[in-house]
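What's in query.pdb: PDB, C-alpha atoms
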```
ATOM      1  CA  MET E   6     237.039  61.495 131.208
ATOM      2  CA  GLN E   7     234.328  63.224 133.238
ATOM      3  CA  GLY E   8     232.178  65.534 131.162
ATOM      4  CA  SER E   9     229.228  67.753 131.898
ATOM      5  CA  GLU E  10     226.627  66.381 134.269
ATOM      6  CA  PHE E  11     224.066  67.225 131.590
ATOM      7  CA  ASN E  12     225.770  65.001 129.013
ATOM      8  CA  LYS E  13     225.691  61.497 130.467
ATOM      9  CA  ILE E  14     225.581  58.566 128.062
ATOM     10  CA  LEU E  15     224.821  54.981 129.052
ATOM     11  CA  ILE E  16     226.140  52.290 126.694
ATOM     12  CA  VAL E  17     224.449  48.890 126.965
ATOM     13  CA  ASP E  18     226.141  45.980 125.154
ATOM     14  CA  ASP E  19     227.238  42.505 126.223
ATOM     15  CA  VAL E  20     230.381  42.676 124.060
ATOM     16  CA  ALA E  21     233.265  44.504 125.754
ATOM     17  CA  ALA E  22     234.920  45.363 122.434
ATOM     18  CA  ASN E  23     231.784  47.217 121.265
ATOM     19  CA  ILE E  24     231.682  49.210 124.494
ATOM     20  CA  LYS E  25     235.344  50.176 124.121
ATOM     21  CA  ILE E  26     234.786  51.396 120.565
ATOM     22  CA  LEU E  27     231.883  53.628 121.587
ATOM     23  CA  MET E  28     233.706  54.875 124.688
ATOM     24  CA  GLY E  29     236.730  55.809 122.612
ATOM     25  CA  LEU E  30     234.482  57.690 120.214
ATOM     26  CA  LEU E  31     232.430  59.572 122.799
ATOM     27  CA  GLN E  32     234.614  60.061 125.890
ATOM     28  CA  PRO E  33     236.122  63.376 124.770
ATOM     29  CA  ASP E  34     232.669  64.984 124.858
ATOM     30  CA  TYR E  35     230.495  63.033 127.300
ATOM     31  CA  GLU E  36     230.441  61.349 130.687
ATOM     32  CA  ILE E  37     230.246  57.644 129.849
ATOM     33  CA  TYR E  38     228.658  54.772 131.781
ATOM     34  CA  PHE E  39     228.144  51.200 130.597
ATOM     35  CA  ALA E  40     226.266  48.006 131.420
ATOM     36  CA  LYS E  41     226.678  44.527 129.920
ATOM     37  CA  ASP E  42     223.125  43.285 130.377
ATOM     38  CA  GLY E  43     219.576  44.599 130.496
ATOM     39  CA  ALA E  44     218.997  44.178 134.237
ATOM     40  CA  LYS E  45     222.087  46.220 135.142
ATOM     41  CA  ALA E  46     221.156  48.795 132.522
ATOM     42  CA  LEU E  47     217.710  49.286 134.083
ATOM     43  CA  ALA E  48     219.167  49.772 137.565
ATOM     44  CA  LEU E  49     221.953  52.088 136.380
ATOM     45  CA  ALA E  50     219.614  54.195 134.239
ATOM     46  CA  ALA E  51     217.237  54.754 137.182
ATOM     47  CA  SER E  52     220.179  55.698 139.387
ATOM     48  CA  ILE E  53     222.238  58.060 137.219
ATOM     49  CA  LYS E  54     219.453  59.197 134.830
ATOM     50  CA  PRO E  55     221.611  59.482 131.700
ATOM     51  CA  ASP E  56     220.724  61.969 128.999
ATOM     52  CA  ILE E  57     220.772  59.269 126.324
ATOM     53  CA  ILE E  58     221.079  55.473 126.148
ATOM     54  CA  LEU E  59     222.848  53.553 123.361
ATOM     55  CA  LEU E  60     221.330  50.074 123.417
ATOM     56  CA  ASP E  61     222.303  46.845 121.678
ATOM     57  CA  ILE E  62     219.540  44.370 120.804
ATOM     58  CA  VAL E  63     221.148  40.929 120.987
ATOM     59  CA  MET E  64     222.003  40.287 124.641
ATOM     60  CA  PRO E  65     221.595  37.228 126.908
ATOM     61  CA  ASP E  66     218.676  36.887 129.359
ATOM     62  CA  MET E  67     217.016  40.187 128.401
ATOM     63  CA  ASP E  68     217.354  41.526 124.867
ATOM     64  CA  GLY E  69     217.408  45.198 123.902
ATOM     65  CA  TYR E  70     213.749  45.293 122.931
ATOM     66  CA  GLU E  71     212.614  44.109 126.365
ATOM     67  CA  THR E  72     215.100  46.440 128.066
ATOM     68  CA  CYS E  73     213.754  49.402 126.113
ATOM     69  CA  LYS E  74     210.161  48.455 126.914
ATOM     70  CA  LEU E  75     210.936  48.326 130.651
ATOM     71  CA  LEU E  76     212.831  51.640 130.486
ATOM     72  CA  LYS E  77     209.742  53.278 128.992
ATOM     73  CA  ARG E  78     207.468  51.804 131.681
ATOM     74  CA  ASN E  79     209.528  53.256 134.533
ATOM     75  CA  THR E  80     208.613  56.869 135.365
ATOM     76  CA  LEU E  81     212.246  57.518 136.329
ATOM     77  CA  THR E  82     213.555  56.567 132.888
ATOM     78  CA  THR E  83     210.621  56.934 130.499
ATOM     79  CA  ASP E  84     211.793  60.274 129.078
ATOM     80  CA  ILE E  85     215.396  59.189 128.414
ATOM     81  CA  PRO E  86     216.008  58.919 124.639
ATOM     82  CA  VAL E  87     217.071  55.422 123.543
ATOM     83  CA  ILE E  88     219.073  54.821 120.364
ATOM     84  CA  PHE E  89     219.441  51.224 119.211
ATOM     85  CA  ILE E  90     222.865  50.359 117.770
ATOM     86  CA  SER E  91     222.625  46.869 116.307
ATOM     87  CA  ALA E  92     223.902  44.542 113.588
ATOM     88  CA  MET E  93     220.280  43.561 112.936
ATOM     89  CA  ASN E  94     219.611  45.602 109.829
ATOM     90  CA  GLU E  95     216.261  44.368 108.553
ATOM     91  CA  VAL E  96     213.413  46.883 108.216
ATOM     92  CA  LYS E  97     211.316  44.790 110.622
ATOM     93  CA  ASP E  98     214.086  45.046 113.240
ATOM     94  CA  GLU E  99     214.240  48.826 112.997
ATOM     95  CA  THR E 100     210.445  49.078 113.019
ATOM     96  CA  LYS E 101     210.199  46.960 116.165
ATOM     97  CA  GLY E 102     212.835  49.078 117.892
ATOM     98  CA  LEU E 103     210.976  52.301 117.153
ATOM     99  CA  GLU E 104     207.703  50.715 118.276
ATOM    100  CA  MET E 105     209.341  49.885 121.617
ATOM    101  CA  GLY E 106     209.918  53.614 122.158
ATOM    102  CA  ALA E 107     213.408  54.219 120.749
ATOM    103  CA  VAL E 108     214.045  57.575 119.081
ATOM    104  CA  ASP E 109     216.527  56.238 116.537
ATOM    105  CA  TYR E 110     218.106  53.078 115.110
ATOM    106  CA  ILE E 111     221.701  52.862 113.884
ATOM    107  CA  THR E 112     222.974  49.729 112.157
ATOM    108  CA  LYS E 113     226.444  48.207 112.530
ATOM    109  CA  PRO E 114     229.012  48.715 111.217
ATOM    110  CA  PHE E 115     228.335  52.359 111.963
ATOM    111  CA  SER E 116     229.949  55.598 110.865
ATOM    112  CA  PRO E 117     231.513  57.425 113.863
ATOM    113  CA  ALA E 118     230.425  60.773 112.409
ATOM    114  CA  ILE E 119     226.823  59.558 112.076
ATOM    115  CA  VAL E 120     226.728  58.266 115.660
ATOM    116  CA  LYS E 121     228.038  61.550 117.055
ATOM    117  CA  ALA E 122     225.671  63.610 114.912
ATOM    118  CA  ARG E 123     222.623  61.520 115.888
ATOM    119  CA  ILE E 124     223.484  61.759 119.580
ATOM    120  CA  LYS E 125     223.919  65.523 119.387
ATOM    121  CA  THR E 126     220.605  65.897 117.542
ATOM    122  CA  HIS E 127     218.635  63.799 120.019
ATOM    123  CA  LEU E 128     220.179  65.545 123.014
ATOM    124  CA  LYS E 129     218.982  68.869 121.589
ATOM    125  CA  LEU E 130     215.522  67.467 120.909
ATOM    126  CA  SER E 131     215.329  65.976 124.404
ATOM    127  CA  ARG E 132     216.215  69.288 126.028
ATOM    128  CA  ALA E 133     213.654  71.116 123.914
ATOM    129  CA  LEU E 134     210.931  68.585 124.763
ATOM    130  CA  GLY E 135     211.850  68.821 128.440
ATOM    131  CA  GLU E 136     211.511  72.602 128.360
ATOM    132  CA  LEU E 137     208.150  72.347 126.572
ATOM    133  CA  LYS E 138     206.926  69.810 129.126
ATOM    134  CA  GLN E 139     207.974  72.092 131.974
ATOM    135  CA  LEU E 140     206.269  75.094 130.367
ATOM    136  CA  TYR E 141     203.091  73.077 129.835
ATOM    137  CA  SER E 142     203.128  71.927 133.454
ATOM    138  CA  MET E 143     203.609  75.501 134.636
ATOM    139  CA  ALA E 144     200.807  76.711 132.381
ATOM    140  CA  LEU E 145     198.382  74.182 133.895
ATOM    141  CA  ASP E 146     199.475  75.268 137.357
ATOM    142  CA  ALA E 147     199.439  78.993 136.610
ATOM    143  CA  SER E 148     197.320  81.611 138.333
ATOM    144  CA  PRO E 149     194.362  82.542 136.092
ATOM    145  CA  LEU E 150     194.769  86.186 137.140
ATOM    146  CA  THR E 151     198.509  86.834 136.872
ATOM    147  CA  GLY E 152     199.563  83.916 134.677
ATOM    148  CA  LEU E 153     202.402  83.208 137.113
ATOM    149  CA  PRO E 154     203.318  79.616 138.143
ATOM    150  CA  GLY E 155     201.362  78.249 141.114
ATOM    151  CA  ASN E 156     202.107  76.100 144.151
ATOM    152  CA  ASN E 157     203.199  72.898 142.400
ATOM    153  CA  SER E 158     205.683  74.748 140.206
ATOM    154  CA  ILE E 159     206.921  76.731 143.210
ATOM    155  CA  ALA E 160     207.557  73.563 145.216
ATOM    156  CA  LYS E 161     209.393  71.919 142.303
ATOM    157  CA  ARG E 162     211.575  74.989 141.720
ATOM    158  CA  ILE E 163     212.569  75.207 145.393
ATOM    159  CA  GLU E 164     213.328  71.469 145.520
ATOM    160  CA  GLN E 165     215.525  71.946 142.448
ATOM    161  CA  ALA E 166     217.392  74.828 144.103
ATOM    162  CA  ILE E 167     217.982  72.714 147.215
ATOM    163  CA  LYS E 168     219.128  69.688 145.202
ATOM    164  CA  HIS E 169     221.657  71.668 143.161
ATOM    165  CA  LYS E 170     222.743  73.849 146.114
ATOM    166  CA  GLU E 171     222.026  77.031 144.187
ATOM    167  CA  PRO E 172     223.236  80.301 145.785
ATOM    168  CA  VAL E 173     219.734  81.737 145.803
ATOM    169  CA  CYS E 174     217.259  83.420 148.097
ATOM    170  CA  VAL E 175     213.597  82.446 148.319
ATOM    171  CA  LEU E 176     211.614  85.665 148.725
ATOM    172  CA  TYR E 177     208.048  85.453 150.052
ATOM    173  CA  LEU E 178     205.873  88.535 149.484
ATOM    174  CA  ASP E 179     202.551  89.273 151.194
ATOM    175  CA  LEU E 180     200.320  92.371 151.184
ATOM    176  CA  ASP E 181     199.266  93.975 154.482
ATOM    177  CA  HIS E 182     195.672  95.191 155.001
ATOM    178  CA  PHE E 183     194.615  93.863 151.599
ATOM    179  CA  LYS E 184     191.306  92.350 152.783
ATOM    180  CA  PRO E 185     189.934  95.664 154.121
ATOM    181  CA  PHE E 186     190.942  97.275 150.804
ATOM    182  CA  ASN E 187     189.065  94.542 148.919
ATOM    183  CA  ASP E 188     186.025  94.954 151.144
ATOM    184  CA  LYS E 189     185.820  98.692 150.543
ATOM    185  CA  TYR E 190     186.903  98.985 146.899
ATOM    186  CA  GLY E 191     185.696  95.628 145.550
ATOM    187  CA  PHE E 192     187.372  92.564 144.074
ATOM    188  CA  ALA E 193     187.884  94.090 140.635
ATOM    189  CA  LYS E 194     190.000  96.849 142.174
ATOM    190  CA  GLY E 195     191.715  94.242 144.339
ATOM    191  CA  ASP E 196     192.663  92.262 141.223
ATOM    192  CA  GLU E 197     194.202  95.423 139.784
ATOM    193  CA  VAL E 198     196.387  95.695 142.897
ATOM    194  CA  LEU E 199     197.472  92.050 142.541
ATOM    195  CA  LEU E 200     198.400  92.619 138.897
ATOM    196  CA  PHE E 201     200.293  95.745 139.932
ATOM    197  CA  CYS E 202     202.178  93.727 142.559
ATOM    198  CA  SER E 203     203.017  91.001 140.025
ATOM    199  CA  ARG E 204     204.321  93.616 137.590
ATOM    200  CA  ILE E 205     206.537  95.502 140.027
ATOM    201  CA  ILE E 206     208.143  92.277 141.279
ATOM    202  CA  GLN E 207     209.140  91.367 137.744
ATOM    203  CA  GLU E 208     210.236  94.912 136.913
ATOM    204  CA  ALA E 209     212.336  95.136 140.088
ATOM    205  CA  LEU E 210     214.141  91.933 139.105
ATOM    206  CA  THR E 211     214.785  93.219 135.593
ATOM    207  CA  ASN E 212     215.885  96.672 136.763
ATOM    208  CA  SER E 213     218.267  95.038 139.260
ATOM    209  CA  GLY E 214     219.955  93.021 136.525
ATOM    210  CA  VAL E 215     218.408  89.680 137.499
ATOM    211  CA  ALA E 216     217.592  87.730 134.346
ATOM    212  CA  ASN E 217     215.238  84.729 134.201
ATOM    213  CA  ALA E 218     214.354  84.749 137.900
ATOM    214  CA  PHE E 219     211.485  82.502 138.955
ATOM    215  CA  VAL E 220     208.349  84.377 140.030
ATOM    216  CA  GLY E 221     205.318  82.514 141.352
ATOM    217  CA  HIS E 222     201.823  83.379 142.605
ATOM    218  CA  ILE E 223     200.979  81.313 145.677
ATOM    219  CA  GLY E 224     197.425  82.608 145.677
ATOM    220  CA  GLY E 225     195.493  85.676 146.812
ATOM    221  CA  ASP E 226     197.965  88.378 147.785
ATOM    222  CA  ASP E 227     200.899  85.986 148.331
ATOM    223  CA  PHE E 228     203.769  85.885 145.827
ATOM    224  CA  LEU E 229     207.202  84.247 145.739
ATOM    225  CA  THR E 230     210.361  84.756 143.765
ATOM    226  CA  ILE E 231     213.717  82.970 143.693
ATOM    227  CA  LEU E 232     216.719  85.161 142.941
ATOM    228  CA  PRO E 233     220.496  85.265 143.499
ATOM    229  CA  SER E 234     221.177  85.833 147.202
ATOM    230  CA  ASP E 235     223.521  88.736 146.545
ATOM    231  CA  LYS E 236     220.680  90.594 144.791
ATOM    232  CA  ALA E 237     218.091  90.222 147.566
ATOM    233  CA  ASN E 238     218.592  93.618 149.197
ATOM    234  CA  THR E 239     218.746  95.470 145.874
ATOM    235  CA  VAL E 240     215.570  93.846 144.580
ATOM    236  CA  THR E 241     213.570  94.248 147.806
ATOM    237  CA  ASN E 242     214.563  97.901 148.096
ATOM    238  CA  GLU E 243     213.323  98.448 144.544
ATOM    239  CA  ILE E 244     210.071  96.570 145.214
ATOM    240  CA  ILE E 245     209.343  98.602 148.339
ATOM    241  CA  ARG E 246     210.123 101.881 146.594
ATOM    242  CA  THR E 247     207.921 101.217 143.572
ATOM    243  CA  PHE E 248     205.143  99.575 145.568
ATOM    244  CA  ASP E 249     204.835 102.416 148.075
ATOM    245  CA  ASN E 250     204.942 105.007 145.303
ATOM    246  CA  GLY E 251     202.327 103.243 143.215
ATOM    247  CA  ILE E 252     199.828 101.718 145.663
ATOM    248  CA  VAL E 253     198.379 105.095 146.627
ATOM    249  CA  ASN E 254     197.057 105.502 143.079
ATOM    250  CA  PHE E 255     194.478 102.790 143.757
ATOM    251  CA  TYR E 256     192.823 104.909 146.463
ATOM    252  CA  THR E 257     190.430 107.819 146.168
ATOM    253  CA  THR E 258     191.919 111.277 146.629
ATOM    254  CA  GLU E 259     190.236 111.543 150.036
ATOM    255  CA  ASP E 260     191.623 108.218 151.322
ATOM    256  CA  ARG E 261     195.027 108.962 149.856
ATOM    257  CA  GLN E 262     195.187 112.265 151.755
ATOM    258  CA  LYS E 263     194.004 110.668 155.004
ATOM    259  CA  LYS E 264     196.445 107.743 154.532
ATOM    260  CA  PHE E 265     193.854 105.333 155.871
ATOM    261  CA  ILE E 266     190.453 103.854 155.103
ATOM    262  CA  ILE E 267     187.510 102.801 157.228
ATOM    263  CA  SER E 268     186.478  99.206 156.582
ATOM    264  CA  HIS E 269     185.482  96.110 158.552
ATOM    265  CA  ASN E 270     187.791  93.743 160.407
ATOM    266  CA  ARG E 271     187.390  89.957 160.464
ATOM    267  CA  ARG E 272     184.815  90.271 163.252
ATOM    268  CA  GLY E 273     182.706  92.586 161.096
ATOM    269  CA  GLU E 274     183.540  95.643 163.207
ATOM    270  CA  ARG E 275     184.301  99.027 161.635
ATOM    271  CA  GLN E 276     187.954  99.915 161.945
ATOM    272  CA  THR E 277     190.573 102.192 160.410
ATOM    273  CA  PHE E 278     193.259 100.560 158.253
ATOM    274  CA  PRO E 279     196.416 102.122 156.819
ATOM    275  CA  ILE E 280     197.332 102.141 153.139
ATOM    276  CA  VAL E 281     198.215  98.659 151.852
ATOM    277  CA  SER E 282     201.901  97.852 152.315
ATOM    278  CA  ILE E 283     204.070  94.891 151.364
ATOM    279  CA  SER E 284     205.848  92.515 153.762
ATOM    280  CA  MET E 285     208.701  90.382 152.454
ATOM    281  CA  ALA E 286     210.531  87.467 154.004
ATOM    282  CA  GLY E 287     213.742  86.067 152.549
ATOM    283  CA  VAL E 288     215.290  82.663 153.191
ATOM    284  CA  ASP E 289     218.873  82.349 151.955
ATOM    285  CA  LEU E 290     219.604  78.841 150.642
ATOM    286  CA  THR E 291     223.314  79.541 150.208
ATOM    287  CA  HIS E 292     225.315  77.147 152.424
ATOM    288  CA  SER E 293     222.076  76.192 154.172
ATOM    289  CA  LYS E 294     221.135  72.744 155.414
ATOM    290  CA  TYR E 295     217.612  72.686 154.027
ATOM    291  CA  GLU E 296     216.714  69.312 152.564
ATOM    292  CA  GLN E 297     213.016  69.696 151.687
ATOM    293  CA  TYR E 298     210.620  72.306 150.380
ATOM    294  CA  ILE E 299     208.539  72.164 153.565
ATOM    295  CA  GLN E 300     211.537  73.300 155.644
ATOM    296  CA  VAL E 301     212.029  76.342 153.422
ATOM    297  CA  ASN E 302     208.297  77.052 153.558
ATOM    298  CA  ASP E 303     208.345  76.956 157.380
ATOM    299  CA  ALA E 304     211.354  79.304 157.500
ATOM    300  CA  CYS E 305     209.572  81.716 155.142
ATOM    301  CA  SER E 306     206.490  81.684 157.356
ATOM    302  CA  GLU E 307     208.528  82.504 160.466
ATOM    303  CA  ALA E 308     210.383  85.345 158.769
ATOM    304  CA  LYS E 309     207.127  86.675 157.311
ATOM    305  CA  LYS E 310     205.627  86.970 160.805
ATOM    306  CA  ARG E 311     208.550  89.167 161.842
ATOM    307  CA  SER E 312     208.223  91.266 158.706
ATOM    308  CA  LYS E 313     204.490  91.826 159.252
ATOM    309  CA  ASP E 314     205.177  92.994 162.809
ATOM    310  CA  ILE E 315     206.911  96.016 161.272
ATOM    311  CA  THR E 316     204.663  98.947 160.383
ATOM    312  CA  GLY E 317     204.676  99.713 156.678
ATOM    313  CA  SER E 318     206.525  97.919 153.899
ATOM    314  CA  SER E 319     209.412  95.794 155.137
ATOM    315  CA  PHE E 320     211.897  93.036 154.393
ATOM    316  CA  VAL E 321     213.292  90.469 156.839
ATOM    317  CA  MET E 322     215.999  87.994 155.835
ATOM    318  CA  ASP E 323     216.288  84.699 157.708
ATOM    319  CA  ARG E 324     219.406  82.775 156.775
ATOM    320  CA  ARG E 325     219.075  80.234 159.601
ATOM    321  CA  VAL E 326     222.705  79.112 159.350
ATOM    322  CA  SER E 327     224.150  82.518 160.224
ATOM    323  CA  LEU E 328     221.032  83.673 162.063
ATOM    324  CA  SER E 329     221.631  87.105 160.594
ATOM    325  CA  GLU E 330     218.748  89.360 159.769
ATOM    326  CA  SER E 331     218.353  92.228 157.338
ATOM    327  CA  LYS E 332     215.517  94.704 157.571
ATOM    328  CA  MET E 333     214.389  97.567 155.445
ATOM    329  CA  HIS E 334     211.469  99.752 156.427
ATOM    330  CA  THR E 335     209.707 102.650 154.736
ATOM    331  CA  GLN E 336     206.849 104.833 155.859
ATOM    332  CA  LEU E 337     204.195 106.197 153.500
TER     333      LEU E 337
END
```
Produce structure tokens that represent the structure in this file.
Amino acid sequence: MQGSEFNKILIVDDVAANIKILMGLLQPDYEIYFAKDGAKALALAASIKPDIILLDIVMPDMDGYETCKLLKRNTLTTDIPVIFISAMNEVKDETKGLEMGAVDYITKPFSPAIVKARIKTHLKLSRALGELKQLYSMALDASPLTGLPGNNSIAKRIEQAIKHKEPVCVLYLDLDHFKPFNDKYGFAKGDEVLLFCSRIIQEALTNSGVANAFVGHIGGDDFLTILPSDKANTVTNEIIRTFDNGIVNFYTTEDRQKKFIISHNRRGERQTFPIVSISMAGVDLTHSKYEQYIQVNDACSEAKKRSKDITGSSFVMDRRVSLSESKMHTQL
């Protein structure tokens, strides 16, 4: 019986009868794979990445201890929980198994209820540890200003969306005329604008009924979010509305009334610049043929150029497959 892709169990035992017993016990709830020796178990584990491995100790050529040790050395399989199920019931046997990296040790003959309970417990623990590891990785990668995940986390999240063919849109957000604002008002005021931008992105997602969307801070005035494709227009409309209404509050009364500031361009020349606006580029991954993060990044860059060609806050969607484009434009 095929179960959930998140509940794969690999049984490793050289005795067919033992495999059949465990399969009969677990098949109603899990997707079961098996191997009859350590070498095949190593190859299969790296290929299918099971959620848990039930491993016998006494096997020809490579015993369970050595198999476990090699599983823990391989970066592809090191985090997979291993439970030894063995007739070797001495304390020294159990101790050695745990020292090899196993999370548990069950002796034969075993109680079916105990086996099922132990598996369920270790699956829960493994998921929790995986979530903690991901959060820790994101924290290390996070922007010191906004606290949002940075480039490494962004790349991993997009690769995940591509791999699982998620019906999502990658939304790239960039502020227009932000450097002149920074030059005139100072970096402290500029940081306030970036925090404001971070907040309205997250509020727009929440107000549009999008729960647990990924929001990242690429750096500077560049942000990215990943959201359901069917919510892209709703969310971007909300972002533009709240951004345009709120950005003017960061200007002096005089500049707000004039709707422009005088600052310096990249050549150091004095120039007039309009109120900061926000340009957004969306890349729809639904039914797309993207295979790598870099392809999505390139598509975002192309769509962003078109968005920034529009005066004021705007949104351009580039679906590539359908070549359709959606634009929304507001004037201050």
Using all atoms listed in the file, which residue out of E:Pro149, E:Gly251, E:Pro279, E:Gly195 lies closest to Ile223 of chain E?
-> E:Pro149
Enumerate, in order of chain and increasing residue number, the residues of segment 110-165 of chain E with an atom no farther than 10 Å from segment 214-219 of chain E, each with its shortest atom pair and distance in Å to one decimal, counting only C-alpha atoms, as a Markdown table.
```
| residue | atom | partner | partner_atom | distance |
| --- | --- | --- | --- | --- |
| E:Leu153 | CA | E:Phe219 | CA | 9.3 |
| E:Pro154 | CA | E:Phe219 | CA | 8.7 |
| E:Ser158 | CA | E:Phe219 | CA | 9.8 |
| E:Ile159 | CA | E:Phe219 | CA | 8.5 |
| E:Arg162 | CA | E:Phe219 | CA | 8.0 |
| E:Ile163 | CA | E:Phe219 | CA | 9.8 |
```
Using the chain letters and numbers from the file, which residues does the PyMOL selection byres ((chain E and resi 300) around 12) grab, as a list in words?
-> Ala160, Ile163, Glu164, Ile167, Val175, Val288, Leu290, Ser293, Lys294, Tyr295, Glu296, Gln297, Tyr298, Ile299, Val301, Asn302, Asp303, Ala304, Cys305, Ser306, Glu307 and Arg325 of chain E
Any chance you could work out the residue set of the PyMOL selection byres ((chain E and resi 242-246) around 12) here, as a CSV table (one decimal) with C-alpha atoms, keeping the file's coordinate frame?
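The new file result.csv reads:
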```csv
chain,number,residue,atom,x,y,z
E,176,LEU,CA,211.6,85.7,148.7
E,178,LEU,CA,205.9,88.5,149.5
E,179,ASP,CA,202.6,89.3,151.2
E,180,LEU,CA,200.3,92.4,151.2
E,201,PHE,CA,200.3,95.7,139.9
E,202,CYS,CA,202.2,93.7,142.6
E,203,SER,CA,203.0,91.0,140.0
E,204,ARG,CA,204.3,93.6,137.6
E,205,ILE,CA,206.5,95.5,140.0
E,206,ILE,CA,208.1,92.3,141.3
E,207,GLN,CA,209.1,91.4,137.7
E,208,GLU,CA,210.2,94.9,136.9
E,209,ALA,CA,212.3,95.1,140.1
E,210,LEU,CA,214.1,91.9,139.1
E,211,THR,CA,214.8,93.2,135.6
E,212,ASN,CA,215.9,96.7,136.8
E,213,SER,CA,218.3,95.0,139.3
E,214,GLY,CA,220.0,93.0,136.5
E,230,THR,CA,210.4,84.8,143.8
E,236,LYS,CA,220.7,90.6,144.8
E,237,ALA,CA,218.1,90.2,147.6
E,238,ASN,CA,218.6,93.6,149.2
E,239,THR,CA,218.7,95.5,145.9
E,240,VAL,CA,215.6,93.8,144.6
E,241,THR,CA,213.6,94.2,147.8
E,247,THR,CA,207.9,101.2,143.6
E,248,PHE,CA,205.1,99.6,145.6
E,249,ASP,CA,204.8,102.4,148.1
E,250,ASN,CA,204.9,105.0,145.3
E,251,GLY,CA,202.3,103.2,143.2
E,252,ILE,CA,199.8,101.7,145.7
E,281,VAL,CA,198.2,98.7,151.9
E,282,SER,CA,201.9,97.9,152.3
E,283,ILE,CA,204.1,94.9,151.4
E,284,SER,CA,205.8,92.5,153.8
E,285,MET,CA,208.7,90.4,152.5
E,317,GLY,CA,204.7,99.7,156.7
E,318,SER,CA,206.5,97.9,153.9
E,319,SER,CA,209.4,95.8,155.1
E,320,PHE,CA,211.9,93.0,154.4
E,321,VAL,CA,213.3,90.5,156.8
E,331,SER,CA,218.4,92.2,157.3
E,332,LYS,CA,215.5,94.7,157.6
E,333,MET,CA,214.4,97.6,155.4
E,334,HIS,CA,211.5,99.8,156.4
E,335,THR,CA,209.7,102.6,154.7
E,336,GLN,CA,206.8,104.8,155.9
E,337,LEU,CA,204.2,106.2,153.5
```
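When atom CA of Ala118 of chain E is paired with atom CA of Ala46 of chain E, their separation reads 25.2 Å.
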Can you give me, as JSON, numbers by chain, the residues this file yields under the PyMOL selection byres ((chain E and resi 83-100) around 9)?
-> {"E": [50, 54, 55, 56, 57, 58, 59, 60, 61, 62, 63, 69, 73, 75, 76, 77, 78, 79, 80, 81, 82, 101, 102, 103, 104, 105, 106, 107, 108, 109, 110, 111, 112, 113, 114, 115, 123, 124, 127, 128, 131, 135]}
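Between atom CA of Phe255 of chain E and atom CA of Phe278 of chain E the separation is 14.7 Å.
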Atom pair atom CA of Ile231 of chain E + atom CA of Cys174 of chain E, distance 5.7 Å
So which residues touch Leu200 of chain E within 8 Å, counting all atoms listed in the file, skipping near sequence neighbours fewer than 4 positions away, as a list in words?
-> Leu150, Thr151, Asp196 and Arg204 of chain E
10 Å contact set for segment 26-30 of chain E, all atoms listed in the file, chain neighbours under 2 positions out, as a ChimeraX atom specification = /E:6,14-16,21-24,32-39,59,117-118,120-121
Which residue of E:Lys168, E:Gly224, E:Ala40, E:Thr257 approaches Ile280 of chain E most closely, using only C-alpha atoms | E:Thr257
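You can rank E:Glu136, E:His169, E:Glu197, E:His292 by their closest distance to Phe183 of chain E using all atoms listed in the file, and at the top of that list sits E:Glu197.
Here the question is which of E:Pro233, E:His182, E:Met67, E:Ser52 gets nearest to Asp19 of chain E using only C-alpha atoms, and that residue is E:Met67.
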